[in-house]
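Asks: To be precise about what I am sending: the file is called structure20.cif and holds mmCIF, C-alpha atoms.
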data_target
#
loop_
_atom_site.group_PDB
_atom_site.id
_atom_site.type_symbol
_atom_site.label_atom_id
_atom_site.label_comp_id
_atom_site.auth_asym_id
_atom_site.auth_seq_id
_atom_site.Cartn_x
_atom_site.Cartn_y
_atom_site.Cartn_z
ATOM 1 C CA MET A 1 -19.283 -21.411 14.122
ATOM 2 C CA GLU A 2 -22.412 -19.739 15.545
ATOM 3 C CA ILE A 3 -21.470 -20.622 19.132
ATOM 4 C CA LYS A 4 -17.989 -19.184 18.527
ATOM 5 C CA THR A 5 -19.555 -16.015 17.127
ATOM 6 C CA LEU A 6 -21.920 -15.744 20.083
ATOM 7 C CA GLU A 7 -19.051 -16.141 22.552
ATOM 8 C CA ARG A 8 -17.058 -13.524 20.703
ATOM 9 C CA PHE A 9 -20.029 -11.155 20.814
ATOM 10 C CA ASN A 10 -20.386 -11.811 24.504
ATOM 11 C CA ARG A 11 -16.726 -11.025 25.198
ATOM 12 C CA GLU A 12 -16.600 -7.941 22.970
ATOM 13 C CA MET A 13 -19.830 -6.468 24.302
ATOM 14 C CA SER A 14 -18.897 -7.148 27.933
ATOM 15 C CA SER A 15 -15.510 -5.495 27.408
ATOM 16 C CA PHE A 16 -17.007 -2.409 25.801
ATOM 17 C CA PHE A 17 -19.709 -2.201 28.474
ATOM 18 C CA ALA A 18 -17.034 -2.393 31.196
ATOM 19 C CA LEU A 19 -15.103 0.380 29.439
ATOM 20 C CA ILE A 20 -18.180 2.630 29.411
ATOM 21 C CA ILE A 21 -18.862 1.899 33.090
ATOM 22 C CA ILE A 22 -15.230 2.730 33.981
ATOM 23 C CA ASN A 23 -15.648 6.025 32.128
ATOM 24 C CA LEU A 24 -18.982 6.788 33.795
ATOM 25 C CA VAL A 25 -17.537 6.127 37.264
ATOM 26 C CA GLY A 26 -14.356 8.041 36.399
ATOM 27 C CA ALA A 27 -16.366 11.019 35.150
ATOM 28 C CA GLY A 28 -18.607 10.968 38.246
ATOM 29 C CA LEU A 29 -15.620 10.797 40.599
ATOM 30 C CA ALA A 30 -13.801 13.483 38.636
ATOM 31 C CA MET A 31 -16.822 15.781 38.936
ATOM 32 C CA SER A 32 -17.160 15.260 42.670
ATOM 33 C CA TYR A 33 -13.412 15.557 43.211
ATOM 34 C CA GLY A 34 -13.399 18.801 41.229
ATOM 35 C CA VAL A 35 -16.142 20.239 43.447
ATOM 36 C CA ALA A 36 -14.495 19.000 46.651
ATOM 37 C CA THR A 37 -11.081 20.399 45.716
ATOM 38 C CA GLY A 38 -12.546 23.728 44.646
ATOM 39 C CA ILE A 39 -14.570 24.111 47.847
ATOM 40 C CA ASN A 40 -11.647 23.029 50.062
ATOM 41 C CA SER A 41 -9.334 25.557 48.460
ATOM 42 C CA LEU A 42 -11.916 28.325 48.719
ATOM 43 C CA THR A 43 -12.708 27.447 52.343
ATOM 44 C CA LEU A 44 -9.007 27.573 53.210
ATOM 45 C CA MET A 45 -8.666 31.034 51.658
ATOM 46 C CA ILE A 46 -11.821 32.250 53.430
ATOM 47 C CA ASN A 47 -10.460 30.981 56.757
ATOM 48 C CA GLU A 48 -7.073 32.596 56.120
ATOM 49 C CA GLN A 49 -8.846 35.744 54.858
ATOM 50 C CA ARG A 50 -6.283 36.231 52.093
ATOM 51 C CA ILE A 51 -5.700 35.045 48.559
ATOM 52 C CA LEU A 52 -3.279 32.115 48.442
ATOM 53 C CA LEU A 53 -1.647 31.597 45.065
ATOM 54 C CA LEU A 54 -1.559 27.807 45.211
ATOM 55 C CA GLN A 55 -5.153 27.539 46.440
ATOM 56 C CA THR A 56 -6.329 29.926 43.713
ATOM 57 C CA ALA A 57 -4.575 27.792 41.097
ATOM 58 C CA LEU A 58 -6.098 24.654 42.599
ATOM 59 C CA SER A 59 -9.611 26.185 42.598
ATOM 60 C CA GLY A 60 -9.243 27.273 38.969
ATOM 61 C CA LEU A 61 -7.984 23.891 37.871
ATOM 62 C CA ALA A 62 -10.666 22.088 39.871
ATOM 63 C CA LEU A 63 -13.352 24.219 38.223
ATOM 64 C CA LEU A 64 -11.936 23.531 34.776
ATOM 65 C CA GLY A 65 -11.618 19.832 35.600
ATOM 66 C CA PHE A 66 -15.245 19.859 36.770
ATOM 67 C CA VAL A 67 -16.408 21.336 33.445
ATOM 68 C CA PHE A 68 -14.449 18.736 31.462
ATOM 69 C CA ALA A 69 -15.726 15.980 33.756
ATOM 70 C CA ILE A 70 -19.339 17.029 33.014
ATOM 71 C CA ARG A 71 -18.634 16.742 29.282
ATOM 72 C CA TRP A 72 -16.955 13.382 29.882
ATOM 73 C CA LEU A 73 -19.998 12.230 31.883
ATOM 74 C CA ILE A 74 -22.478 13.392 29.203
ATOM 75 C CA PHE A 75 -20.672 11.546 26.390
ATOM 76 C CA SER A 76 -20.300 8.445 28.557
ATOM 77 C CA ALA A 77 -24.003 8.511 29.441
ATOM 78 C CA GLN A 78 -25.003 8.994 25.785
ATOM 79 C CA ILE A 79 -22.976 5.981 24.676
ATOM 80 C CA PHE A 80 -24.106 3.989 27.707
ATOM 81 C CA SER A 81 -27.768 4.579 26.827
ATOM 82 C CA ASP A 82 -27.408 3.390 23.220
ATOM 83 C CA PHE A 83 -25.152 0.485 24.101
ATOM 84 C CA ASP A 84 -27.474 -0.634 26.893
ATOM 85 C CA ASP A 85 -30.304 -0.930 24.326
ATOM 86 C CA LEU A 86 -28.000 -3.055 22.188
ATOM 87 C CA ARG A 87 -27.101 -5.232 25.170
ATOM 88 C CA ASP A 88 -30.794 -5.735 25.957
ATOM 89 C CA GLU A 89 -31.357 -6.886 22.375
ATOM 90 C CA PHE A 90 -28.357 -9.186 22.706
ATOM 91 C CA LYS A 91 -29.643 -10.653 25.982
ATOM 92 C CA ASN A 92 -33.079 -11.236 24.444
ATOM 93 C CA ARG A 93 -31.502 -13.133 21.579
ATOM 94 C CA SER A 94 -28.652 -14.900 23.331
ATOM 95 C CA GLY A 95 -30.772 -18.020 23.693
ATOM 96 C CA LYS A 96 -30.788 -18.257 19.908
ATOM 97 C CA THR A 97 -27.527 -19.260 18.307
ATOM 98 C CA ASP A 98 -28.614 -19.579 14.673
ATOM 99 C CA SER A 99 -26.599 -17.841 11.984
ATOM 100 C CA GLU A 100 -29.433 -15.443 11.137
ATOM 101 C CA THR A 101 -29.555 -14.098 14.688
ATOM 102 C CA MET A 102 -25.770 -13.712 14.673
ATOM 103 C CA THR A 103 -25.919 -11.816 11.371
ATOM 104 C CA GLU A 104 -28.549 -9.516 12.834
ATOM 105 C CA LEU A 105 -26.257 -8.849 15.809
ATOM 106 C CA VAL A 106 -23.416 -7.924 13.456
ATOM 107 C CA ILE A 107 -25.727 -5.473 11.658
ATOM 108 C CA GLN A 108 -26.916 -3.981 14.963
ATOM 109 C CA ASN A 109 -23.376 -3.517 16.246
ATOM 110 C CA MET A 110 -22.301 -1.928 12.983
ATOM 111 C CA ALA A 111 -25.272 0.445 13.144
ATOM 112 C CA PHE A 112 -24.354 1.291 16.752
ATOM 113 C CA TYR A 113 -20.785 2.089 15.726
ATOM 114 C CA ARG A 114 -21.884 4.206 12.745
ATOM 115 C CA ASP A 115 -24.326 6.142 14.956
ATOM 116 C CA ASN A 116 -21.941 6.634 17.868
ATOM 117 C CA LYS A 117 -18.631 7.135 16.091
ATOM 118 C CA PRO A 118 -18.560 10.933 16.694
ATOM 119 C CA ALA A 119 -19.601 10.477 20.354
ATOM 120 C CA ILE A 120 -16.908 7.814 20.890
ATOM 121 C CA GLU A 121 -14.268 10.157 19.441
ATOM 122 C CA LYS A 122 -15.481 13.012 21.665
ATOM 123 C CA LEU A 123 -15.558 10.709 24.671
ATOM 124 C CA ALA A 124 -11.961 9.631 24.053
ATOM 125 C CA LEU A 125 -10.866 13.260 23.737
ATOM 126 C CA GLY A 126 -12.914 14.371 26.776
ATOM 127 C CA SER A 127 -11.503 11.545 28.823
ATOM 128 C CA ARG A 128 -7.911 12.376 27.850
ATOM 129 C CA VAL A 129 -8.283 16.114 28.520
ATOM 130 C CA THR A 130 -9.961 15.486 31.885
ATOM 131 C CA GLY A 131 -7.304 12.921 32.736
ATOM 132 C CA ALA A 132 -4.535 15.388 31.918
ATOM 133 C CA PHE A 133 -6.189 18.024 34.107
ATOM 134 C CA PHE A 134 -6.476 15.643 37.008
ATOM 135 C CA LEU A 135 -2.853 14.577 36.626
ATOM 136 C CA LEU A 136 -1.847 18.239 36.781
ATOM 137 C CA LEU A 137 -4.125 18.754 39.773
ATOM 138 C CA GLY A 138 -2.583 15.647 41.339
ATOM 139 C CA ALA A 139 0.925 16.996 40.776
ATOM 140 C CA ILE A 140 -0.036 20.267 42.488
ATOM 141 C CA ALA A 141 -1.690 18.340 45.322
ATOM 142 C CA VAL A 142 1.476 16.241 45.798
ATOM 143 C CA PHE A 143 3.571 19.412 45.857
ATOM 144 C CA ASN A 144 1.122 20.963 48.303
ATOM 145 C CA LEU A 145 1.195 17.881 50.503
ATOM 146 C CA LEU A 146 4.991 17.723 50.567
ATOM 147 C CA THR A 147 5.639 21.411 51.160
ATOM 148 C CA MET A 148 2.805 22.727 53.307
ATOM 149 C CA GLY A 149 0.693 19.687 54.047
ATOM 150 C CA PRO A 150 -0.939 18.892 57.385
ATOM 151 C CA THR A 151 1.255 17.395 60.076
ATOM 152 C CA ASP A 152 -1.328 15.390 62.003
ATOM 153 C CA PRO A 153 -1.677 11.791 60.759
ATOM 154 C CA VAL A 154 -5.459 11.879 60.065
ATOM 155 C CA SER A 155 -5.290 14.994 57.894
ATOM 156 C CA LEU A 156 -2.175 13.680 56.211
ATOM 157 C CA LEU A 157 -3.920 10.385 55.424
ATOM 158 C CA MET A 158 -6.965 12.208 54.031
ATOM 159 C CA GLY A 159 -4.793 14.518 51.972
ATOM 160 C CA ALA A 160 -2.788 11.574 50.632
ATOM 161 C CA SER A 161 -6.008 9.658 49.780
ATOM 162 C CA GLY A 162 -7.369 12.653 47.882
ATOM 163 C CA THR A 163 -4.107 13.030 46.004
ATOM 164 C CA PHE A 164 -4.046 9.326 45.191
ATOM 165 C CA LEU A 165 -7.652 9.496 43.891
ATOM 166 C CA CYS A 166 -6.746 12.504 41.782
ATOM 167 C CA VAL A 167 -3.745 10.752 40.213
ATOM 168 C CA ALA A 168 -5.765 7.540 39.709
ATOM 169 C CA LEU A 169 -8.510 9.520 37.912
ATOM 170 C CA GLY A 170 -5.867 11.170 35.794
ATOM 171 C CA ILE A 171 -4.357 7.827 34.795
ATOM 172 C CA VAL A 172 -7.785 6.323 33.959
ATOM 173 C CA GLY A 173 -8.682 9.426 31.956
ATOM 174 C CA VAL A 174 -5.439 9.493 29.996
ATOM 175 C CA TYR A 175 -5.261 5.731 29.441
ATOM 176 C CA SER A 176 -8.885 4.818 28.560
ATOM 177 C CA PRO A 177 -8.913 6.541 25.109
ATOM 178 C CA SER A 178 -6.454 3.901 23.903
ATOM 179 C CA PHE A 179 -9.186 1.289 24.436
ATOM 180 C CA PHE A 180 -11.732 3.416 22.565
ATOM 181 C CA LYS A 181 -9.213 3.735 19.751
ATOM 182 C CA LYS A 182 -8.774 -0.037 19.724
ATOM 183 C CA TYR A 183 -12.568 -0.485 19.586
ATOM 184 C CA SER A 184 -12.850 2.082 16.754
ATOM 185 C CA ARG A 185 -9.975 0.498 14.817
ATOM 186 C CA ILE A 186 -11.627 -2.923 14.938
ATOM 187 C CA TRP A 187 -15.049 -1.621 13.848
ATOM 188 C CA GLU A 188 -13.543 0.665 11.195
ATOM 189 C CA GLN A 189 -11.893 -2.394 9.678
ATOM 190 C CA ARG A 190 -15.219 -4.229 9.737
ATOM 191 C CA LEU A 191 -16.921 -1.269 8.048
ATOM 192 C CA GLN A 192 -14.234 -1.228 5.362
ATOM 193 C CA ASP A 193 -14.666 -4.955 4.832
ATOM 194 C CA SER A 194 -18.416 -4.433 4.515
ATOM 195 C CA VAL A 195 -17.813 -2.018 1.615
ATOM 196 C CA GLU A 196 -15.998 -4.807 -0.258
ATOM 197 C CA ILE A 197 -18.869 -7.128 0.576
ATOM 198 C CA GLU A 198 -21.317 -4.577 -0.880
ATOM 199 C CA ASN A 199 -19.647 -4.907 -4.282
ATOM 200 C CA LYS A 200 -20.147 -8.666 -4.209
ATOM 201 C CA LEU A 201 -23.732 -8.294 -3.043
ATOM 202 C CA ASP A 202 -24.364 -5.742 -5.764
ATOM 203 C CA ALA A 203 -23.160 -8.272 -8.323
ATOM 204 C CA ILE A 204 -25.608 -10.824 -6.917
ATOM 205 C CA LEU A 205 -28.482 -8.336 -7.055
ATOM 206 C CA GLU A 206 -27.643 -7.231 -10.596
ATOM 207 C CA GLY A 207 -27.120 -10.781 -11.754
ATOM 208 C CA ASN A 208 -30.797 -11.470 -11.329
ATOM 209 C CA MET B 1 -33.772 -2.551 14.156
ATOM 210 C CA LYS B 2 -32.645 1.069 14.296
ATOM 211 C CA GLY B 3 -29.492 3.021 13.509
ATOM 212 C CA LYS B 4 -27.597 3.789 10.343
ATOM 213 C CA ARG B 5 -27.654 0.771 8.033
ATOM 214 C CA THR B 6 -26.521 0.241 4.468
ATOM 215 C CA LEU B 7 -28.958 -0.488 1.669
ATOM 216 C CA TYR B 8 -27.926 -4.144 1.618
ATOM 217 C CA GLU B 9 -28.406 -4.501 5.361
ATOM 218 C CA ILE B 10 -31.932 -3.115 4.995
ATOM 219 C CA TYR B 11 -32.656 -5.494 2.103
ATOM 220 C CA TRP B 12 -31.440 -8.378 4.239
ATOM 221 C CA GLU B 13 -33.715 -7.330 7.112
ATOM 222 C CA ILE B 14 -36.742 -6.996 4.875
ATOM 223 C CA LEU B 15 -36.117 -10.337 3.199
ATOM 224 C CA THR B 16 -35.528 -12.273 6.430
ATOM 225 C CA PHE B 17 -38.589 -10.648 8.024
ATOM 226 C CA CYS B 18 -40.726 -11.545 5.011
ATOM 227 C CA ARG B 19 -39.949 -15.259 5.231
ATOM 228 C CA ASN B 20 -43.460 -15.257 6.661
ATOM 229 C CA PRO B 21 -45.967 -13.118 4.714
ATOM 230 C CA ARG B 22 -46.049 -9.525 6.006
ATOM 231 C CA THR B 23 -47.998 -6.357 5.370
ATOM 232 C CA PHE B 24 -46.277 -3.175 4.201
ATOM 233 C CA THR B 25 -46.947 -1.516 7.564
ATOM 234 C CA SER B 26 -45.403 -4.354 9.552
ATOM 235 C CA ILE B 27 -42.292 -4.320 7.331
ATOM 236 C CA ILE B 28 -41.627 -0.613 7.694
ATOM 237 C CA HIS B 29 -42.314 -0.821 11.415
ATOM 238 C CA ARG B 30 -39.993 -3.781 11.966
ATOM 239 C CA CYS B 31 -37.215 -2.335 9.809
ATOM 240 C CA SER B 32 -37.603 1.242 11.157
ATOM 241 C CA LEU B 33 -38.198 2.784 7.744
ATOM 242 C CA ASN B 34 -40.384 5.691 6.761
ATOM 243 C CA SER B 35 -43.162 5.050 4.289
ATOM 244 C CA LYS B 36 -41.410 6.624 1.270
ATOM 245 C CA ILE B 37 -38.093 4.809 1.781
ATOM 246 C CA GLY B 38 -39.916 1.599 2.611
ATOM 247 C CA GLN B 39 -41.830 1.825 -0.674
ATOM 248 C CA GLU B 40 -38.587 2.347 -2.604
ATOM 249 C CA HIS B 41 -36.847 -0.652 -1.018
ATOM 250 C CA ILE B 42 -39.823 -2.974 -1.264
ATOM 251 C CA GLY B 43 -40.375 -1.795 -4.852
ATOM 252 C CA PHE B 44 -36.790 -2.687 -5.726
ATOM 253 C CA LEU B 45 -37.061 -6.139 -4.151
ATOM 254 C CA LEU B 46 -40.401 -6.745 -5.917
ATOM 255 C CA SER B 47 -39.014 -5.683 -9.276
ATOM 256 C CA ASN B 48 -36.054 -8.058 -8.835
ATOM 257 C CA GLU B 49 -38.432 -10.839 -7.820
ATOM 258 C CA PHE B 50 -36.851 -11.230 -4.398
ATOM 259 C CA LEU B 51 -40.233 -10.404 -2.909
ATOM 260 C CA ARG B 52 -43.674 -11.439 -4.111
ATOM 261 C CA ARG B 53 -46.827 -9.480 -3.371
ATOM 262 C CA PHE B 54 -50.187 -11.192 -3.027
ATOM 263 C CA GLU B 55 -53.649 -10.622 -1.625
ATOM 264 C CA GLU B 56 -55.078 -12.685 1.218
ATOM 265 C CA GLU B 57 -58.187 -11.996 3.276
ATOM 266 C CA ALA B 58 -58.362 -8.438 1.962
ATOM 267 C CA LYS B 59 -54.758 -7.829 2.985
ATOM 268 C CA THR B 60 -51.797 -7.133 0.713
ATOM 269 C CA LEU B 61 -48.923 -9.307 1.857
ATOM 270 C CA HIS B 62 -45.251 -9.643 0.893
ATOM 271 C CA VAL B 63 -43.268 -12.832 1.003
ATOM 272 C CA THR B 64 -39.621 -13.631 0.220
ATOM 273 C CA THR B 65 -39.126 -15.763 -2.876
ATOM 274 C CA ASP B 66 -36.660 -18.621 -3.386
ATOM 275 C CA LYS B 67 -34.704 -16.335 -5.685
ATOM 276 C CA ALA B 68 -33.652 -14.251 -2.655
ATOM 277 C CA ASN B 69 -31.897 -17.185 -1.021
ATOM 278 C CA VAL B 70 -28.666 -16.610 -2.960
ATOM 279 C CA PHE B 71 -28.497 -13.042 -1.683
ATOM 280 C CA LEU B 72 -29.482 -14.005 1.862
ATOM 281 C CA GLU B 73 -26.952 -16.813 2.118
ATOM 282 C CA ALA B 74 -24.119 -14.756 0.610
ATOM 283 C CA PHE B 75 -24.915 -11.836 2.922
ATOM 284 C CA LYS B 76 -25.029 -14.041 6.004
ATOM 285 C CA SER B 77 -21.794 -15.900 5.328
ATOM 286 C CA MET B 78 -19.868 -12.745 4.375
ATOM 287 C CA TYR B 79 -21.069 -10.775 7.417
ATOM 288 C CA LEU B 80 -20.275 -13.594 9.829
ATOM 289 C CA GLU B 81 -16.833 -13.961 8.274
ATOM 290 C CA LEU B 82 -16.296 -10.208 8.517
ATOM 291 C CA PHE B 83 -17.047 -10.298 12.247
ATOM 292 C CA ASN B 84 -15.026 -13.413 13.025
ATOM 293 C CA LYS B 85 -11.906 -12.905 10.955
ATOM 294 C CA GLY B 86 -10.396 -9.748 12.469
ATOM 295 C CA PRO B 87 -8.912 -9.084 15.904
ATOM 296 C CA GLU B 88 -11.264 -9.226 18.872
ATOM 297 C CA PHE B 89 -11.977 -6.250 21.146
ATOM 298 C CA LYS B 90 -10.872 -6.987 24.696
ATOM 299 C CA LEU B 91 -9.971 -4.793 27.652
#
Please express the file's structure as structure tokens.
Replies:
Amino acid sequence: MEIKTLERFNREMSSFFALIIINLVGAGLAMSYGVATGINSLTLMINEQRILLLQTALSGLALLGFVFAIRWLIFSAQIFSDFDDLRDEFKNRSGKTDSETMTELVIQNMAFYRDNKPAIEKLALGSRVTGAFFLLLGAIAVFNLLTMGPTDPVSLLMGASGTFLCVALGIVGVYSPSFFKKYSRIWEQRLQDSVEIENKLDAILEGN
Amino acid sequence: MKGKRTLYEIYWEILTFCRNPRTFTSIIHRCSLNSKIGQEHIGFLLSNEFLRRFEEEAKTLHVTTDKANVFLEAFKSMYLELFNKGPEFKL
């Protein structure tokens, strides 16, 4: 039983840690892509010495995407910090497989969820909004590439890579909240179950 | 242990920690409680005879009594069941 619980903890914590890392990397890439796109668009307009409608739209969207990506990064980092502490505790105790240690891990994970519930919700929202922005930016970049893109192969390849990265970031951003929702749903159920347990524990305490 | 915990989770922590005799300061430190809240919780457990207070070498110590075992066992089995019974989080 305890070994099964430990293995389950290991799998659940590794999955959630991977999810946070994906979000951290996604947020970091989104930030840098936002800056790069904004600067590229501005540089192009400076070189052309006129305001280009598409480039202006791209710069605006990139700036907005950058702001959302910062928020996404902050929430990811906040959750990463707390969860990393929890993982350290888990690693320190993973040699012990007794039921008391497992119970303590359940309590710690519940406390983590209670503490970070608002941040997880904000992270899911931030991730989805940023993802949507990058999908929009990607759509504009695809349009740009198809209509007035560079003709030489190197520039075309670079433009296509940037567009691909943008769409990939968008997909990660839009899709990852579903995993956070799954995580929240599972822990919400456990919290609800713990309320029922409290009634039984109360009876034990009062029975003395 | 830190973070938001329920009253029962705190009781469980205090009682498992006090399997070996502990001072008030070590309990509140280990369970991340402030002095006032710690006094309330320890007071409750003392009044229900889940904890026993005694003096040793000029120190006031607290130890978990046999009476607490029912609570500790019930808590442990219910919390482990709670964690194991539902769906598992996987990517």
Asks: Just want the 10 Å neighbourhood of region 75-77 of chain B, counted on all atoms listed in the file, with same-chain residues fewer than 4 positions away dropped. Output as a PDB file with C-alpha atoms, keeping the file's coordinate frame.
Replies:
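Now in out.pdb:
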ATOM      1  CA  SER A  99     -26.599 -17.841  11.984  1.00  0.00           C
ATOM      2  CA  GLU A 100     -29.433 -15.443  11.137  1.00  0.00           C
ATOM      3  CA  THR A 101     -29.555 -14.098  14.688  1.00  0.00           C
ATOM      4  CA  MET A 102     -25.770 -13.712  14.673  1.00  0.00           C
ATOM      5  CA  THR A 103     -25.919 -11.816  11.371  1.00  0.00           C
ATOM      6  CA  GLU A 104     -28.549  -9.516  12.834  1.00  0.00           C
ATOM      7  CA  VAL A 106     -23.416  -7.924  13.456  1.00  0.00           C
ATOM      8  CA  SER A 194     -18.416  -4.433   4.515  1.00  0.00           C
ATOM      9  CA  ILE A 197     -18.869  -7.128   0.576  1.00  0.00           C
ATOM     10  CA  GLU A 198     -21.317  -4.577  -0.880  1.00  0.00           C
ATOM     11  CA  LYS A 200     -20.147  -8.666  -4.209  1.00  0.00           C
ATOM     12  CA  LEU A 201     -23.732  -8.294  -3.043  1.00  0.00           C
ATOM     13  CA  ILE A 204     -25.608 -10.824  -6.917  1.00  0.00           C
TER      14      ILE A 204
ATOM     15  CA  TYR B   8     -27.926  -4.144   1.618  1.00  0.00           C
ATOM     16  CA  GLU B   9     -28.406  -4.501   5.361  1.00  0.00           C
ATOM     17  CA  TRP B  12     -31.440  -8.378   4.239  1.00  0.00           C
ATOM     18  CA  ASN B  69     -31.897 -17.185  -1.021  1.00  0.00           C
ATOM     19  CA  VAL B  70     -28.666 -16.610  -2.960  1.00  0.00           C
ATOM     20  CA  PHE B  71     -28.497 -13.042  -1.683  1.00  0.00           C
ATOM     21  CA  GLU B  81     -16.833 -13.961   8.274  1.00  0.00           C
ATOM     22  CA  LEU B  82     -16.296 -10.208   8.517  1.00  0.00           C
TER      23      LEU B  82
END
Asks: Would you write out, as JSON lines, a table of all residues in chain B that have an atom no more than 10 Å from an atom of chain A, listing for each the closest atom pair and the distance in Å to one decimal, considering all atoms listed in the file and ordering rows by chain and rising residue number?
Replies:
{"residue": "B:Met1", "atom": "CA", "partner": "A:Gln108", "partner_atom": "CA", "distance": 7.0}
{"residue": "B:Lys2", "atom": "CA", "partner": "A:Ala111", "partner_atom": "CA", "distance": 7.5}
{"residue": "B:Gly3", "atom": "CA", "partner": "A:Ala111", "partner_atom": "CA", "distance": 5.0}
{"residue": "B:Lys4", "atom": "CA", "partner": "A:Ala111", "partner_atom": "CA", "distance": 4.9}
{"residue": "B:Arg5", "atom": "CA", "partner": "A:Ala111", "partner_atom": "CA", "distance": 5.6}
{"residue": "B:Thr6", "atom": "CA", "partner": "A:Ala111", "partner_atom": "CA", "distance": 8.8}
{"residue": "B:Leu7", "atom": "CA", "partner": "A:Glu198", "partner_atom": "CA", "distance": 9.0}
{"residue": "B:Tyr8", "atom": "CA", "partner": "A:Glu198", "partner_atom": "CA", "distance": 7.1}
{"residue": "B:Glu9", "atom": "CA", "partner": "A:Ile107", "partner_atom": "CA", "distance": 6.9}
{"residue": "B:Ile10", "atom": "CA", "partner": "A:Ile107", "partner_atom": "CA", "distance": 9.4}
{"residue": "B:Trp12", "atom": "CA", "partner": "A:Glu104", "partner_atom": "CA", "distance": 9.1}
{"residue": "B:Glu13", "atom": "CA", "partner": "A:Glu104", "partner_atom": "CA", "distance": 8.0}
{"residue": "B:Thr16", "atom": "CA", "partner": "A:Glu100", "partner_atom": "CA", "distance": 8.3}
{"residue": "B:Leu45", "atom": "CA", "partner": "A:Leu205", "partner_atom": "CA", "distance": 9.3}
{"residue": "B:Asn48", "atom": "CA", "partner": "A:Asn208", "partner_atom": "CA", "distance": 6.7}
{"residue": "B:Glu49", "atom": "CA", "partner": "A:Asn208", "partner_atom": "CA", "distance": 8.4}
{"residue": "B:Phe50", "atom": "CA", "partner": "A:Asn208", "partner_atom": "CA", "distance": 9.2}
{"residue": "B:Lys67", "atom": "CA", "partner": "A:Asn208", "partner_atom": "CA", "distance": 8.4}
{"residue": "B:Ala68", "atom": "CA", "partner": "A:Leu205", "partner_atom": "CA", "distance": 9.0}
{"residue": "B:Val70", "atom": "CA", "partner": "A:Ile204", "partner_atom": "CA", "distance": 7.6}
{"residue": "B:Phe71", "atom": "CA", "partner": "A:Ile204", "partner_atom": "CA", "distance": 6.4}
{"residue": "B:Leu72", "atom": "CA", "partner": "A:Glu100", "partner_atom": "CA", "distance": 9.4}
{"residue": "B:Glu73", "atom": "CA", "partner": "A:Glu100", "partner_atom": "CA", "distance": 9.5}
{"residue": "B:Ala74", "atom": "CA", "partner": "A:Leu201", "partner_atom": "CA", "distance": 7.4}
{"residue": "B:Phe75", "atom": "CA", "partner": "A:Leu201", "partner_atom": "CA", "distance": 7.0}
{"residue": "B:Lys76", "atom": "CA", "partner": "A:Thr103", "partner_atom": "CA", "distance": 5.9}
{"residue": "B:Ser77", "atom": "CA", "partner": "A:Thr103", "partner_atom": "CA", "distance": 8.4}
{"residue": "B:Met78", "atom": "CA", "partner": "A:Ile197", "partner_atom": "CA", "distance": 6.9}
{"residue": "B:Tyr79", "atom": "CA", "partner": "A:Thr103", "partner_atom": "CA", "distance": 6.3}
{"residue": "B:Leu80", "atom": "CA", "partner": "A:Thr103", "partner_atom": "CA", "distance": 6.1}
{"residue": "B:Glu81", "atom": "CA", "partner": "A:Thr5", "partner_atom": "CA", "distance": 9.5}
{"residue": "B:Leu82", "atom": "CA", "partner": "A:Arg190", "partner_atom": "CA", "distance": 6.2}
{"residue": "B:Phe83", "atom": "CA", "partner": "A:Arg190", "partner_atom": "CA", "distance": 6.8}
{"residue": "B:Asn84", "atom": "CA", "partner": "A:Thr5", "partner_atom": "CA", "distance": 6.6}
{"residue": "B:Lys85", "atom": "CA", "partner": "A:Arg190", "partner_atom": "CA", "distance": 9.4}
{"residue": "B:Gly86", "atom": "CA", "partner": "A:Ile186", "partner_atom": "CA", "distance": 7.4}
{"residue": "B:Pro87", "atom": "CA", "partner": "A:Ile186", "partner_atom": "CA", "distance": 6.8}
{"residue": "B:Glu88", "atom": "CA", "partner": "A:Glu12", "partner_atom": "CA", "distance": 6.8}
{"residue": "B:Phe89", "atom": "CA", "partner": "A:Glu12", "partner_atom": "CA", "distance": 5.2}
{"residue": "B:Lys90", "atom": "CA", "partner": "A:Ser15", "partner_atom": "CA", "distance": 5.6}
{"residue": "B:Leu91", "atom": "CA", "partner": "A:Ser15", "partner_atom": "CA", "distance": 5.6}
Asks: Could you check how far CA of Ile120 (chain A) sits from CA of Ala168 (chain A), in Å to one decimal?
Replies: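 Distance between the two atoms: 21.9 Å.
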Asks: Could you expand the PyMOL selection byres ((chain B and resi 53-60) around 9) into the explicit residues it covers here, written as a list in words?
Replies: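 So the PyMOL selection byres ((chain B and resi 53-60) around 9), applied here, picks out Pro21, Arg22, Thr23, Phe24, Leu46, Leu51, Arg52, Leu61, His62 and Val63 of chain B.
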Asks: Any chance you could work out the residue set of the PyMOL selection byres ((chain A and resi 122) around 12) here, as a list in words?
Replies: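 In the shown coordinates, the PyMOL selection byres ((chain A and resi 122) around 12) covers Phe68, Arg71, Trp72, Leu73, Ile74, Phe75, Ser76, Gln78, Ile79, Asn116, Lys117, Pro118, Ala119, Ile120, Glu121, Leu123, Ala124, Leu125, Gly126, Ser127, Arg128, Val129, Thr130, Pro177, Phe180 and Lys181 of chain A.
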Asks: Do you have the CA of Lys96 (chain A)-CA of Arg19 (chain B) distance handy?
Replies: 17.6 Å
Asks: Taking the file as shown, what set of residues would the PyMOL selection byres ((chain A and resi 166) around 9) give back, as number ranges by chain?
Replies: A: 30, 33, 134-135, 137-139, 141, 161-165, 167-171
Asks: By how many Å are CA of Ile46 (chain A) and CA of Phe133 (chain A) apart?
Replies: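 A separation of 24.6 Å between them.
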Asks: Once 4 Å is added on each side, what are the centre and the three edge lengths, in Å to one decimal, of the axis-aligned box enclosing the listed atoms of region 14-26 of chain B? Present them as AutoDock Vina command-line options.
Replies:
--center_x -41.8 --center_y -8.4 --center_z 6.4 --size_x 20.5 --size_y 21.7 --size_z 14.4
Asks: Excluding Ile140 (chain A) and any residue of its chain fewer than 5 positions from it, enumerate the residues within 10 Å of it, using only C-alpha atoms, and give them as a PyMOL selection string.
Replies: chain A and resi 54-55+57-58+61+134-135+145-146+163
